[in-house]
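Chemist: Sharing model_5.txt here; it has compact mmCIF, C-alpha atoms.
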# COMPACT_ATOMS: atom_id res chain seq x y z
CA MET Z 14 169.21 160.84 114.73
CA LYS Z 15 168.90 161.80 111.07
CA VAL Z 16 167.73 165.05 109.53
CA ARG Z 17 166.29 165.63 106.07
CA PHE Z 18 166.86 168.72 103.93
CA ILE Z 19 163.61 169.66 102.23
CA THR Z 20 164.25 171.36 98.90
CA GLY Z 21 163.35 171.00 95.27
CA ASN Z 22 166.90 171.95 94.28
CA GLN Z 23 169.40 169.07 94.22
CA LYS Z 24 172.27 171.57 93.80
CA LYS Z 25 171.35 173.18 97.14
CA ALA Z 26 171.30 169.76 98.78
CA ALA Z 27 174.76 168.95 97.38
CA TYR Z 28 176.16 172.26 98.65
CA LEU Z 29 174.68 171.70 102.09
CA ALA Z 30 176.19 168.20 102.33
CA LYS Z 31 179.55 169.54 101.16
CA TYR Z 32 179.70 172.29 103.78
CA LEU Z 33 178.36 170.17 106.61
CA ASP Z 34 180.96 167.56 105.64
CA PHE Z 35 178.49 164.69 105.88
CA PRO Z 36 175.67 163.41 103.70
CA VAL Z 37 172.24 164.93 104.22
CA GLU Z 38 169.23 163.14 102.83
CA HIS Z 39 167.37 165.39 100.43
CA LEU Z 40 163.62 165.17 99.93
CA LYS Z 41 161.63 167.10 97.40
CA ILE Z 42 158.27 167.98 98.94
CA ASP Z 43 155.96 170.64 97.57
CA LEU Z 44 155.32 173.06 100.42
CA ASP Z 45 152.94 175.97 100.55
CA GLU Z 46 154.87 179.22 100.71
CA ILE Z 47 153.25 181.98 102.66
CA GLN Z 48 153.54 185.51 101.33
CA SER Z 49 155.64 187.61 103.69
CA LEU Z 50 158.63 189.91 103.65
CA ASP Z 51 159.76 188.31 106.92
CA LEU Z 52 162.32 185.64 105.99
CA LYS Z 53 162.13 183.91 109.39
CA GLU Z 54 158.33 183.72 109.19
CA ILE Z 55 158.56 181.95 105.82
CA VAL Z 56 161.26 179.57 107.04
CA GLU Z 57 159.30 178.73 110.19
CA HIS Z 58 156.16 177.98 108.18
CA LYS Z 59 158.12 175.75 105.77
CA ALA Z 60 159.88 173.90 108.60
CA ARG Z 61 156.68 173.18 110.52
CA GLN Z 62 154.85 172.11 107.37
CA ALA Z 63 157.72 169.83 106.25
CA TYR Z 64 157.89 168.23 109.69
CA GLU Z 65 154.13 167.60 109.65
CA ARG Z 66 154.50 165.80 106.32
CA ILE Z 67 157.34 163.42 107.24
CA LYS Z 68 157.35 163.42 111.07
CA GLN Z 69 161.16 163.54 111.15
CA PRO Z 70 163.65 166.35 111.86
CA VAL Z 71 163.93 168.71 108.88
CA ILE Z 72 166.04 171.54 107.56
CA VAL Z 73 164.55 174.10 105.19
CA GLU Z 74 166.00 177.21 103.59
CA ASP Z 75 164.88 180.43 102.00
CA VAL Z 76 166.62 183.54 100.69
CA SER Z 77 165.93 187.23 100.33
CA LEU Z 78 167.46 190.06 98.30
CA GLU Z 79 166.49 193.47 99.64
CA PHE Z 80 167.08 196.65 97.64
CA ALA Z 81 167.63 199.61 100.02
CA ALA Z 82 165.83 201.95 97.59
CA LEU Z 83 162.73 199.72 97.70
CA GLY Z 84 162.50 199.10 101.43
CA ARG Z 85 162.58 195.35 101.95
CA LEU Z 86 161.50 194.57 98.39
CA PRO Z 87 161.89 192.44 96.40
CA GLY Z 88 163.12 190.58 99.48
CA THR Z 89 161.65 187.11 99.74
CA PHE Z 90 159.84 187.67 96.43
CA ILE Z 91 163.12 187.82 94.46
CA LYS Z 92 162.57 184.36 92.98
CA PHE Z 93 159.33 185.60 91.39
CA PHE Z 94 161.07 188.73 90.10
CA ILE Z 95 163.80 186.71 88.36
CA ASP Z 96 161.23 184.30 86.92
CA GLU Z 97 159.02 187.05 85.50
CA ILE Z 98 161.19 190.11 84.83
CA PRO Z 99 164.35 190.36 82.71
CA PHE Z 100 167.48 191.01 84.76
CA GLU Z 101 168.01 194.29 82.88
CA THR Z 102 164.64 195.54 84.10
CA ILE Z 103 165.36 194.49 87.68
CA CYS Z 104 168.66 196.40 87.56
CA SER Z 105 166.94 199.50 86.17
CA MET Z 106 164.44 199.56 89.05
CA VAL Z 107 167.03 201.40 91.16
CA ASP Z 108 168.41 203.73 88.46
CA GLY Z 109 168.90 207.18 89.99
CA LYS Z 110 168.56 205.73 93.51
CA THR Z 111 170.89 203.99 95.93
CA ARG Z 112 171.96 200.63 94.56
CA LYS Z 113 172.73 199.20 98.01
CA ALA Z 114 171.28 195.76 98.65
CA THR Z 115 171.45 192.96 101.19
CA ALA Z 116 171.34 189.26 100.42
CA LYS Z 117 170.04 187.08 103.24
CA CYS Z 118 169.67 183.37 103.82
CA ALA Z 119 167.97 181.54 106.65
CA PHE Z 120 168.00 177.86 107.45
CA GLY Z 121 165.38 176.48 109.78
CA TYR Z 122 165.61 173.26 111.77
CA PHE Z 123 162.54 171.68 113.33
CA ASP Z 124 162.17 168.31 115.04
CA GLY Z 125 158.59 168.66 116.28
CA GLN Z 126 159.65 170.55 119.40
CA ASP Z 127 162.87 172.46 118.85
CA LEU Z 128 162.74 175.24 116.23
CA GLN Z 129 166.07 176.88 115.41
CA PHE Z 130 167.07 179.54 112.88
CA PHE Z 131 170.49 180.11 111.33
CA GLU Z 132 170.91 183.35 109.42
CA GLY Z 133 173.56 184.82 107.18
CA LYS Z 134 173.79 188.00 105.15
CA LEU Z 135 175.96 189.69 102.58
CA ASP Z 136 175.83 193.40 101.83
CA GLY Z 137 176.47 194.74 98.37
CA GLU Z 138 174.77 196.55 95.55
CA ILE Z 139 172.68 195.94 92.47
CA ALA Z 140 174.69 196.06 89.24
CA LYS Z 141 173.78 198.60 86.55
CA THR Z 142 173.49 195.70 84.13
CA PRO Z 143 173.52 191.92 84.65
CA ALA Z 144 176.84 190.19 84.04
CA GLY Z 145 178.47 186.80 84.38
CA GLU Z 146 177.68 183.19 83.60
CA ASN Z 147 178.33 181.49 86.95
CA GLY Z 148 176.12 181.04 89.95
CA TYR Z 149 172.36 180.95 89.87
CA GLY Z 150 169.36 183.00 90.90
CA TRP Z 151 170.24 186.64 91.28
CA ASP Z 152 174.05 186.24 91.17
CA LYS Z 153 174.16 188.07 87.81
CA ILE Z 154 172.86 191.31 89.37
CA PHE Z 155 174.43 191.36 92.86
CA ILE Z 156 177.88 192.86 93.52
CA PRO Z 157 179.14 191.96 97.03
CA ASP Z 158 180.78 194.71 99.10
CA GLY Z 159 184.51 194.80 98.42
CA TYR Z 160 184.12 193.66 94.80
CA THR Z 161 183.56 195.41 91.48
CA VAL Z 162 181.93 192.47 89.69
CA THR Z 163 178.78 190.43 90.22
CA ARG Z 164 178.76 187.14 92.12
CA ALA Z 165 178.31 185.45 88.73
CA GLN Z 166 181.71 186.87 87.67
CA LEU Z 167 183.70 186.02 90.80
CA SER Z 168 186.63 183.62 90.85
CA GLU Z 169 185.86 180.26 92.44
CA GLU Z 170 187.74 181.33 95.58
CA ASP Z 171 185.82 184.61 95.94
CA ASP Z 172 182.55 182.88 95.09
CA GLN Z 173 183.08 180.47 97.98
CA LYS Z 174 184.16 183.26 100.32
CA THR Z 175 181.02 185.32 99.67
CA TYR Z 176 178.76 182.25 99.56
CA LEU Z 177 179.88 181.31 103.06
CA GLN Z 178 178.98 184.79 104.30
CA VAL Z 179 175.40 184.60 103.11
CA LYS Z 180 174.87 180.88 103.78
CA PRO Z 181 175.11 180.11 107.53
CA PHE Z 182 176.53 176.60 107.04
CA ALA Z 183 179.00 176.84 109.94
CA LYS Z 184 176.31 177.81 112.47
CA LEU Z 185 174.06 175.01 111.23
CA LYS Z 186 176.90 172.46 111.39
CA VAL Z 187 177.77 173.32 115.00
CA PHE Z 188 174.12 173.00 115.98
CA LEU Z 189 173.62 169.66 114.20
CA GLU Z 190 176.78 168.27 115.80
CA SER Z 191 175.46 169.34 119.22
CA LYS Z 192 172.22 167.45 118.49
CA SER Z 193 174.23 164.33 117.50
CA ILE Z 194 172.75 164.28 114.02
CA SER Z 195 173.81 161.09 112.24
CA LYS Z 196 176.70 161.41 109.81
CA SER Z 197 175.84 158.13 108.08
What would the structure in this file look like if it were written as structure tokens?

Modeler:
Amino acid sequence: MKVRFITGNQKKAAYLAKYLDFPVEHLKIDLDEIQSLDLKEIVEHKARQAYERIKQPVIVEDVSLEFAALGRLPGTFIKFFIDEIPFETICSMVDGKTRKATAKCAFGYFDGQDLQFFEGKLDGEIAKTPAGENGYGWDKIFIPDGYTVTRAQLSEEDDQKTYLQVKPFAKLKVFLESKSISKS
């Protein structure tokens, strides 16, 4: 059995294949994204919609960055924040408040019957100012617990270590192997 990773981001597909240690076919399909602060609800909707489009097992992914001072916001809306608001402004949103934040990632697998979620998270804080040139998305403003620099400033080794905390690749790999997903 084969599974397809539905994403518009080829870099995400390459990372997934690398950590699963076998090739995963990547398909770019425009999916409707529901508006919700519930990461699992968004992932479930995407997985069911992707399956309906191709009628084959799918994997989808979404992320969230929650600022403790703002409840669960920006949460799943972080991609819109970074597209519309300068990083400096995003950082200043928590000035004078707790800077604690939690990065979350959820993968969803759906084969028409079996729906599974794989979640990861990484606690940290929002930087006072954006910094760093590596990474993507919100890496320039997120400092993982145990570090004094943003994810965009981490060494390659520390980047991988923190990436594997937020991205639940290992859980997904064990599941796919149990389903006898094709490695060819």

Chemist: Write out as a list of chain:residue names the residues lying within 9 Å of Leu128 of chain Z, counting only C-alpha atoms and excluding same-chain residues fewer than 3 positions away.

Modeler: Z:Glu57, Z:Ala60, Z:Arg61, Z:Gly121, Z:Tyr122, Z:Phe123, Z:Asp124, Z:Gly125

Chemist: Please produce a file of those selected residues containing C-alpha atoms, as a tab-separated table (two decimals), in the frame of the given file.

Modeler:
chain	number	residue	atom	x	y	z
Z	57	GLU	CA	159.30	178.73	110.19
Z	60	ALA	CA	159.88	173.90	108.60
Z	61	ARG	CA	156.68	173.18	110.52
Z	121	GLY	CA	165.38	176.48	109.78
Z	122	TYR	CA	165.61	173.26	111.77
Z	123	PHE	CA	162.54	171.68	113.33
Z	124	ASP	CA	162.17	168.31	115.04
Z	125	GLY	CA	158.59	168.66	116.28

Chemist: Can you work out which one of Z:Ile19, Z:Ala27, Z:Gly145, Z:Ala114 has the shortest atom-to-atom distance to Lys41 of chain Z, counting all atoms listed in the file?

Modeler: Z:Ile19

Chemist: So which residues touch Tyr160 of chain Z within 10 Å, counting all atoms listed in the file, skipping near sequence neighbours fewer than 6 positions away, as JSON, numbers by chain?

Modeler: {"Z": [137, 138, 167, 171]}

Chemist: Generate the output file for the selected residues, C-alpha atoms, as a short mmCIF file (atom, residue, chain, number, x, y, z; two decimals), keeping the file's coordinate frame.

Modeler:
data_model
loop_
_atom_site.label_atom_id
_atom_site.label_comp_id
_atom_site.auth_asym_id
_atom_site.auth_seq_id
_atom_site.Cartn_x
_atom_site.Cartn_y
_atom_site.Cartn_z
CA GLY Z 137 176.47 194.74 98.37
CA GLU Z 138 174.77 196.55 95.55
CA LEU Z 167 183.70 186.02 90.80
CA ASP Z 171 185.82 184.61 95.94
#

Chemist: In Å, how far is it from atom CA of Lys192 of chain Z to atom CA of Lys31 of chain Z?

Modeler: 18.9 Å

Chemist: Find, counting all atoms listed in the file, the residue in Z:Thr163, Z:Thr89, Z:Asn147, Z:Thr142 that gets nearest to Ala119 of chain Z.

Modeler: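 Ranked by minimum distance to Ala119 of chain Z, first place goes to Z:Thr89.
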
Chemist: May I ask for the distance between atom CA of Gly109 of chain Z and atom CA of Phe80 of chain Z, given in Å to one decimal place?

Modeler: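 Going from atom CA of Gly109 of chain Z over to atom CA of Phe80 of chain Z covers 13.1 Å.
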
Chemist: Within 10 Å of Ala144 of chain Z, counting all atoms listed in the file, which residues qualify if same-chain residues fewer than 3 places away don't, as a ChimeraX atom specification?

Modeler: /Z:100-101,140-141,147,152-156,162-166

Chemist: Quick one: pull the distance between atom CA of Thr20 of chain Z and atom CA of Gly84 of chain Z, Å, one decimal.

Modeler: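 Those two atoms sit 27.9 Å apart.
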
Chemist: Tell me which of Z:Phe131, Z:Tyr64, Z:Tyr176, Z:Trp151 sits closest to Gly88 of chain Z, counting all atoms listed in the file.

Modeler: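 Ranking Z:Phe131, Z:Tyr64, Z:Tyr176, Z:Trp151 by distance to Gly88 of chain Z, first place goes to Z:Trp151.
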
Chemist: Could you give me, as a PyMOL selection string, the residues within 7 Å of Thr111 of chain Z, counting all atoms listed in the file and dropping anything in the same chain fewer than 4 positions from it?

Modeler: chain Z and resi 81-82+107

Chemist: For Asp34 of chain Z, which of Z:Val71, Z:Phe188, Z:Ala183, Z:Lys92 is the closest residue, counting all atoms listed in the file?

Modeler: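 Looking at the shortest contact to Asp34 of chain Z, the residue is Z:Ala183.
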
Chemist: I'd like to know which of Z:Thr175, Z:Ser77, Z:Gln23, Z:Ser191 is closest to Lys117 of chain Z, using only C-alpha atoms.

Modeler: Z:Ser77

Chemist: Counting only C-alpha atoms, which residue out of Z:Arg85, Z:Glu38, Z:Arg17, Z:Ile103 sits closest to Arg66 of chain Z?

Modeler: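 That would be Z:Arg17, the residue with the smallest distance to Arg66 of chain Z.
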
Chemist: Give me the box for segment 48-58 of chain Z as AutoDock Vina command-line options, namely the centre and edge lengths in Å to one decimal of a box along x, y and z that holds every listed atom plus 3 Å on each side.

Modeler:
--center_x 157.9 --center_y 183.9 --center_z 105.8 --size_x 14.8 --size_y 17.9 --size_z 14.9

Chemist: Extract, using all atoms listed in the file, all DNA, RNA and protein residues at most 10 Å from Val56 of chain Z, discarding same-chain residues fewer than 2 positions from it, and format them as an MDAnalysis selection string.

Modeler: chainID Z and resid 46:47 51:54 58:62 72:76 118:122 130

Chemist: Write out N, CA and C atoms for segment 67-100 of chain Z, as a CSV table (one decimal), keeping the file's coordinate frame.

Modeler:
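Result file part_17.csv:
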chain,number,residue,atom,x,y,z
Z,67,ILE,N,156.5,164.6,107.1
Z,67,ILE,CA,157.3,163.4,107.2
Z,67,ILE,C,157.6,163.0,108.7
Z,68,LYS,N,157.2,163.8,109.6
Z,68,LYS,CA,157.4,163.4,111.1
Z,68,LYS,C,158.8,163.0,111.4
Z,69,GLN,N,159.7,163.7,110.8
Z,69,GLN,CA,161.2,163.5,111.2
Z,69,GLN,C,161.8,164.9,111.2
Z,70,PRO,N,163.0,165.1,111.8
Z,70,PRO,CA,163.6,166.4,111.9
Z,70,PRO,C,163.9,166.8,110.4
Z,71,VAL,N,163.7,168.1,110.2
Z,71,VAL,CA,163.9,168.7,108.9
Z,71,VAL,C,164.8,170.0,108.9
Z,72,ILE,N,165.4,170.3,107.8
Z,72,ILE,CA,166.0,171.5,107.6
Z,72,ILE,C,165.4,172.1,106.3
Z,73,VAL,N,165.1,173.4,106.4
Z,73,VAL,CA,164.6,174.1,105.2
Z,73,VAL,C,165.4,175.4,105.0
Z,74,GLU,N,165.2,176.0,103.9
Z,74,GLU,CA,166.0,177.2,103.6
Z,74,GLU,C,165.2,178.2,102.8
Z,75,ASP,N,165.4,179.4,102.9
Z,75,ASP,CA,164.9,180.4,102.0
Z,75,ASP,C,165.9,181.6,101.9
Z,76,VAL,N,165.7,182.4,100.9
Z,76,VAL,CA,166.6,183.5,100.7
Z,76,VAL,C,165.8,184.8,100.4
Z,77,SER,N,166.5,185.9,100.5
Z,77,SER,CA,165.9,187.2,100.3
Z,77,SER,C,167.0,188.1,99.7
Z,78,LEU,N,166.6,189.0,98.8
Z,78,LEU,CA,167.5,190.1,98.3
Z,78,LEU,C,166.7,191.4,98.4
Z,79,GLU,N,167.2,192.2,99.4
Z,79,GLU,CA,166.5,193.5,99.6
Z,79,GLU,C,167.2,194.6,99.0
Z,80,PHE,N,166.5,195.4,98.2
Z,80,PHE,CA,167.1,196.6,97.6
Z,80,PHE,C,166.8,197.8,98.6
Z,81,ALA,N,167.8,198.5,99.1
Z,81,ALA,CA,167.6,199.6,100.0
Z,81,ALA,C,166.7,200.7,99.5
Z,82,ALA,N,166.7,200.9,98.2
Z,82,ALA,CA,165.8,202.0,97.6
Z,82,ALA,C,164.4,201.5,97.6
Z,83,LEU,N,164.1,200.2,97.8
Z,83,LEU,CA,162.7,199.7,97.7
Z,83,LEU,C,162.3,199.2,99.0
Z,84,GLY,N,162.9,199.6,100.1
Z,84,GLY,CA,162.5,199.1,101.4
Z,84,GLY,C,163.0,197.7,101.6
Z,85,ARG,N,162.2,196.7,101.9
Z,85,ARG,CA,162.6,195.4,102.0
Z,85,ARG,C,162.3,194.6,100.7
Z,86,LEU,N,161.8,195.2,99.7
Z,86,LEU,CA,161.5,194.6,98.4
Z,86,LEU,C,162.7,194.5,97.5
Z,87,PRO,N,162.8,193.6,96.6
Z,87,PRO,CA,161.9,192.4,96.4
Z,87,PRO,C,162.0,191.4,97.5
Z,88,GLY,N,163.0,191.4,98.3
Z,88,GLY,CA,163.1,190.6,99.5
Z,88,GLY,C,162.9,189.1,99.2
Z,89,THR,N,162.0,188.5,99.9
Z,89,THR,CA,161.6,187.1,99.7
Z,89,THR,C,161.0,186.8,98.4
Z,90,PHE,N,160.5,187.9,97.7
Z,90,PHE,CA,159.8,187.7,96.4
Z,90,PHE,C,160.8,187.7,95.3
Z,91,ILE,N,162.1,187.7,95.5
Z,91,ILE,CA,163.1,187.8,94.5
Z,91,ILE,C,163.0,186.7,93.5
Z,92,LYS,N,162.7,185.5,93.9
Z,92,LYS,CA,162.6,184.4,93.0
Z,92,LYS,C,161.5,184.6,91.9
Z,93,PHE,N,160.4,185.3,92.3
Z,93,PHE,CA,159.3,185.6,91.4
Z,93,PHE,C,159.8,186.7,90.4
Z,94,PHE,N,160.5,187.7,90.9
Z,94,PHE,CA,161.1,188.7,90.1
Z,94,PHE,C,162.0,188.1,89.0
Z,95,ILE,N,162.9,187.2,89.4
Z,95,ILE,CA,163.8,186.7,88.4
Z,95,ILE,C,163.1,185.7,87.4
Z,96,ASP,N,162.0,185.2,87.8
Z,96,ASP,CA,161.2,184.3,86.9
Z,96,ASP,C,160.4,185.1,85.9
Z,97,GLU,N,160.0,186.3,86.3
Z,97,GLU,CA,159.0,187.0,85.5
Z,97,GLU,C,159.6,188.3,84.8
Z,98,ILE,N,160.7,188.8,85.3
Z,98,ILE,CA,161.2,190.1,84.8
Z,98,ILE,C,162.6,189.9,84.3
Z,99,PRO,N,163.0,190.5,83.2
Z,99,PRO,CA,164.4,190.4,82.7
Z,99,PRO,C,165.3,191.0,83.7
Z,100,PHE,N,166.5,190.5,83.8
Z,100,PHE,CA,167.5,191.0,84.8
Z,100,PHE,C,167.8,192.5,84.5
